[in-house]
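Everything below belongs to run18.pdb, which stores PDB, C-alpha atoms.
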ATOM      1  CA  MET L   1       0.000   0.000   0.000
ATOM      2  CA  THR L   2       1.449   3.359  -0.993
ATOM      3  CA  PRO L   3       1.546   6.258   1.478
ATOM      4  CA  ALA L   4      -1.105   8.104  -0.561
ATOM      5  CA  ILE L   5      -3.483   5.152  -0.343
ATOM      6  CA  ALA L   6      -2.732   4.626   3.350
ATOM      7  CA  ASP L   7      -3.598   8.303   3.871
ATOM      8  CA  ILE L   8      -6.981   7.833   2.170
ATOM      9  CA  PHE L   9      -7.785   4.864   4.417
ATOM     10  CA  ALA L  10      -6.712   6.841   7.507
ATOM     11  CA  ARG L  11      -9.315   9.525   6.712
ATOM     12  CA  TYR L  12     -12.310   7.181   6.893
ATOM     13  CA  PRO L  13     -14.419   6.720  10.038
ATOM     14  CA  ASP L  14     -13.171   3.714  12.036
ATOM     15  CA  THR L  15     -15.996   1.297  11.156
ATOM     16  CA  THR L  16     -15.895   2.181   7.476
ATOM     17  CA  ARG L  17     -12.095   1.954   7.399
ATOM     18  CA  GLU L  18     -12.173  -1.587   8.775
ATOM     19  CA  ALA L  19     -14.851  -2.647   6.270
ATOM     20  CA  LEU L  20     -12.878  -1.115   3.399
ATOM     21  CA  LEU L  21      -9.634  -2.756   4.511
ATOM     22  CA  GLN L  22     -11.448  -6.120   4.654
ATOM     23  CA  LEU L  23     -12.829  -5.438   1.169
ATOM     24  CA  ARG L  24      -9.309  -4.584  -0.023
ATOM     25  CA  ARG L  25      -8.023  -7.930   1.296
ATOM     26  CA  LEU L  26     -10.901  -9.760  -0.372
ATOM     27  CA  ILE L  27     -10.190  -8.066  -3.731
ATOM     28  CA  LEU L  28      -6.471  -8.871  -3.581
ATOM     29  CA  GLU L  29      -7.079 -12.479  -2.464
ATOM     30  CA  THR L  30      -9.716 -13.027  -5.142
ATOM     31  CA  ALA L  31      -7.433 -11.668  -7.861
ATOM     32  CA  ALA L  32      -4.616 -13.950  -6.724
ATOM     33  CA  GLN L  33      -6.908 -16.991  -7.013
ATOM     34  CA  LEU L  34      -8.293 -16.212 -10.476
ATOM     35  CA  PRO L  35      -6.356 -17.618 -13.432
ATOM     36  CA  GLY L  36      -5.529 -14.985 -16.025
ATOM     37  CA  VAL L  37      -6.067 -11.926 -13.836
ATOM     38  CA  GLY L  38      -2.488 -11.388 -12.728
ATOM     39  CA  ALA L  39      -1.250  -8.767 -10.307
ATOM     40  CA  LEU L  40      -3.545  -5.843  -9.632
ATOM     41  CA  GLU L  41      -2.497  -2.218  -9.762
ATOM     42  CA  GLU L  42      -3.662  -0.395  -6.631
ATOM     43  CA  THR L  43      -3.997   3.309  -7.323
ATOM     44  CA  LEU L  44      -6.219   6.337  -6.782
ATOM     45  CA  LYS L  45      -8.919   7.323  -9.274
ATOM     46  CA  TRP L  46     -11.255  10.196  -8.519
ATOM     47  CA  GLY L  47      -9.934  10.160  -4.954
ATOM     48  CA  GLN L  48     -11.029   6.546  -4.489
ATOM     49  CA  VAL L  49      -8.801   3.532  -3.913
ATOM     50  CA  SER L  50      -8.930   1.606  -7.171
ATOM     51  CA  TYR L  51      -7.890  -1.789  -8.477
ATOM     52  CA  LEU L  52      -6.968  -2.283 -12.117
ATOM     53  CA  THR L  53      -6.098  -5.414 -14.051
ATOM     54  CA  SER L  54      -3.372  -3.478 -15.899
ATOM     55  CA  GLN L  55      -1.167  -6.513 -16.440
ATOM     56  CA  SER L  56      -3.797  -8.773 -18.017
ATOM     57  CA  GLY L  57      -6.581  -6.405 -19.059
ATOM     58  CA  SER L  58      -9.005  -9.096 -17.885
ATOM     59  CA  GLY L  59     -11.354  -6.875 -15.907
ATOM     60  CA  THR L  60     -12.881  -3.508 -15.301
ATOM     61  CA  THR L  61     -11.679  -1.122 -12.621
ATOM     62  CA  ILE L  62     -12.998  -1.666  -9.104
ATOM     63  CA  ARG L  63     -13.101   1.347  -6.791
ATOM     64  CA  ILE L  64     -13.885   1.315  -3.082
ATOM     65  CA  ASP L  65     -15.017   4.203  -0.922
ATOM     66  CA  HIS L  66     -17.183   5.368   1.947
ATOM     67  CA  ASP L  67     -20.786   5.880   0.838
ATOM     68  CA  ARG L  68     -21.638   9.083   2.649
ATOM     69  CA  PRO L  69     -25.456   8.783   2.598
ATOM     70  CA  SER L  70     -25.431   5.346   4.253
ATOM     71  CA  GLY L  71     -22.143   5.620   6.135
ATOM     72  CA  ARG L  72     -21.140   2.219   4.772
ATOM     73  CA  ALA L  73     -18.410   0.802   2.597
ATOM     74  CA  ALA L  74     -19.185   0.641  -1.103
ATOM     75  CA  LEU L  75     -17.775  -1.062  -4.184
ATOM     76  CA  TYR L  76     -17.927   0.883  -7.464
ATOM     77  CA  VAL L  77     -17.595  -0.327 -11.051
ATOM     78  CA  ASN L  78     -17.767   1.424 -14.397
ATOM     79  CA  CYS L  79     -21.390   2.442 -14.976
ATOM     80  CA  LYS L  80     -21.086   1.489 -18.660
ATOM     81  CA  THR L  81     -20.779  -2.177 -17.738
ATOM     82  CA  ASP L  82     -23.743  -4.410 -16.935
ATOM     83  CA  LEU L  83     -22.145  -5.566 -13.691
ATOM     84  CA  VAL L  84     -24.437  -3.862 -11.181
ATOM     85  CA  SER L  85     -27.449  -5.123 -13.111
ATOM     86  CA  ARG L  86     -26.016  -8.638 -12.906
ATOM     87  CA  TYR L  87     -25.286  -8.208  -9.195
ATOM     88  CA  ARG L  88     -28.906  -7.141  -8.617
ATOM     89  CA  THR L  89     -30.135 -10.242 -10.417
ATOM     90  CA  LEU L  90     -27.812 -12.581  -8.532
ATOM     91  CA  TYR L  91     -28.108 -10.962  -5.094
ATOM     92  CA  PRO L  92     -31.326  -8.893  -5.019
ATOM     93  CA  ASP L  93     -31.758  -8.747  -1.245
ATOM     94  CA  ARG L  94     -28.221  -9.024   0.084
ATOM     95  CA  PHE L  95     -26.885  -5.594  -0.910
ATOM     96  CA  SER L  96     -28.100  -2.080  -1.676
ATOM     97  CA  TYR L  97     -27.400  -0.714  -5.127
ATOM     98  CA  GLN L  98     -26.926   2.794  -6.499
ATOM     99  CA  GLY L  99     -27.761   3.102 -10.160
ATOM    100  CA  ASP L 100     -25.392   1.194 -12.418
ATOM    101  CA  ARG L 101     -22.242   2.027 -10.509
ATOM    102  CA  ALA L 102     -22.272   1.034  -6.850
ATOM    103  CA  VAL L 103     -22.928  -1.743  -4.382
ATOM    104  CA  VAL L 104     -23.342  -0.553  -0.796
ATOM    105  CA  LEU L 105     -22.254  -3.218   1.650
ATOM    106  CA  PRO L 106     -24.218  -4.122   4.756
ATOM    107  CA  PRO L 107     -22.186  -4.523   7.948
ATOM    108  CA  ASP L 108     -22.520  -8.310   7.667
ATOM    109  CA  ALA L 109     -21.876  -8.595   3.921
ATOM    110  CA  GLU L 110     -21.892 -12.191   2.756
ATOM    111  CA  GLN L 111     -18.269 -12.865   1.817
ATOM    112  CA  ASP L 112     -18.942 -15.541  -0.810
ATOM    113  CA  ALA L 113     -21.374 -13.284  -2.675
ATOM    114  CA  LEU L 114     -18.990 -10.353  -2.431
ATOM    115  CA  ARG L 115     -16.091 -12.498  -3.670
ATOM    116  CA  HIS L 116     -18.235 -13.575  -6.638
ATOM    117  CA  MET L 117     -19.073  -9.959  -7.514
ATOM    118  CA  VAL L 118     -15.393  -9.010  -7.349
ATOM    119  CA  ALA L 119     -14.481 -11.987  -9.549
ATOM    120  CA  LEU L 120     -17.057 -10.920 -12.139
ATOM    121  CA  ALA L 121     -15.511  -7.446 -12.260
ATOM    122  CA  LEU L 122     -11.927  -8.732 -12.408
ATOM    123  CA  THR L 123     -12.769 -11.004 -15.355
ATOM    124  CA  TYR L 124     -15.317  -8.747 -17.084
ATOM    125  CA  HIS L 125     -13.347  -8.113 -20.303
ATOM    126  CA  ALA L 126     -11.914 -11.626 -20.521
ATOM    127  CA  ALA L 127     -15.391 -13.145 -20.160
ATOM    128  CA  LYS L 128     -16.761 -10.911 -22.930
ATOM    129  CA  LYS L 129     -13.979 -12.032 -25.269
ATOM    130  CA  THR L 130     -14.663 -15.706 -24.629
ATOM    131  CA  GLY L 131     -18.436 -15.387 -24.557
ATOM    132  CA  GLY L 132     -18.543 -16.260 -20.848
ATOM    133  CA  THR L 133     -20.600 -14.582 -18.161
TER     134      THR L 133
END
Target format structure tokens, applied to this file:
Amino acid sequence: MTPAIADIFARYPDTTREALLQLRRLILETAAQLPGVGALEETLKWGQVSYLTSQSGSGTTIRIDHDRPSGRAALYVNCKTDLVSRYRTLYPDRFSYQGDRAVVLPPDAEQDALRHMVALALTYHAAKKTGGT
């Protein structure tokens, strides 16, 4: 984690920071377990901690941040993808959604579902190329 990213995490309220750090671990662990994803680039985009599949190009950018209206951790994806729509279909009652760009996590977010959503984002472009979902 770079000092700039550590500084962003330090600015969050304690409960949100812990949820975001857990989400960060989940993203990094999921990427490491997925064939073809490769190392992620952790950077800042629009002031949000972001994860890019720069090495492989297999997925779309994932951003994480504090959702101010709810006070909860949130996972953001490119609104031009169909990912949030797919997440809503797969997990209609487990998460809150904001438009086509965000998933707001409940305090007791189901880790397997969250890991699946992250995997879908990290393999989004690769799946489109192969006709997968």
Report the centre and edge lengths, in Å to one decimal, of an axis-aligned box enclosing every atom of region 122-126 of chain L listed in the file, padded by 5 Å on each side, as JSON.
{"center_x": -13.6, "center_y": -9.9, "center_z": -16.5, "size_x": 13.4, "size_y": 13.5, "size_z": 18.1}
Shell around Thr15 (chain L) at 9 Å using all atoms listed in the file, local window under 4 positions removed, as an MDAnalysis selection string: chainID L and resid 19:20 72:73
Deliver the residues from the most recent selection as a file, using C-alpha atoms, as a PDB file, in the frame of the given file.
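Below is the file out_29.pdb, written as the result:
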ATOM      1  CA  ALA L  19     -14.851  -2.647   6.270  1.00  0.00           C
ATOM      2  CA  LEU L  20     -12.878  -1.115   3.399  1.00  0.00           C
ATOM      3  CA  ARG L  72     -21.140   2.219   4.772  1.00  0.00           C
ATOM      4  CA  ALA L  73     -18.410   0.802   2.597  1.00  0.00           C
TER       5      ALA L  73
END
Counting all atoms listed in the file, the residue of L:Asp112, L:Asp82, L:Asp7, L:Asp93 that sits nearest Val49 (chain L): L:Asp7
Computed interatomic separation between CA of Gln55 (chain L) and CA of Gly99 (chain L) (Å):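 Between CA of Gln55 (chain L) and CA of Gly99 (chain L) the gap works out to 29.0 Å.
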The PyMOL selection byres ((chain L and resi 57) around 10) resolved against shown file, as an NGL selection string: :L and (36-38 or 40 or 52-56 or 58-61 or 122-126)
Contacts of Thr43 (chain L) at 9 Å (only C-alpha atoms; same-chain gap of 5+ positions) as a ChimeraX atom specification: /L:1-2,4-5,48-52
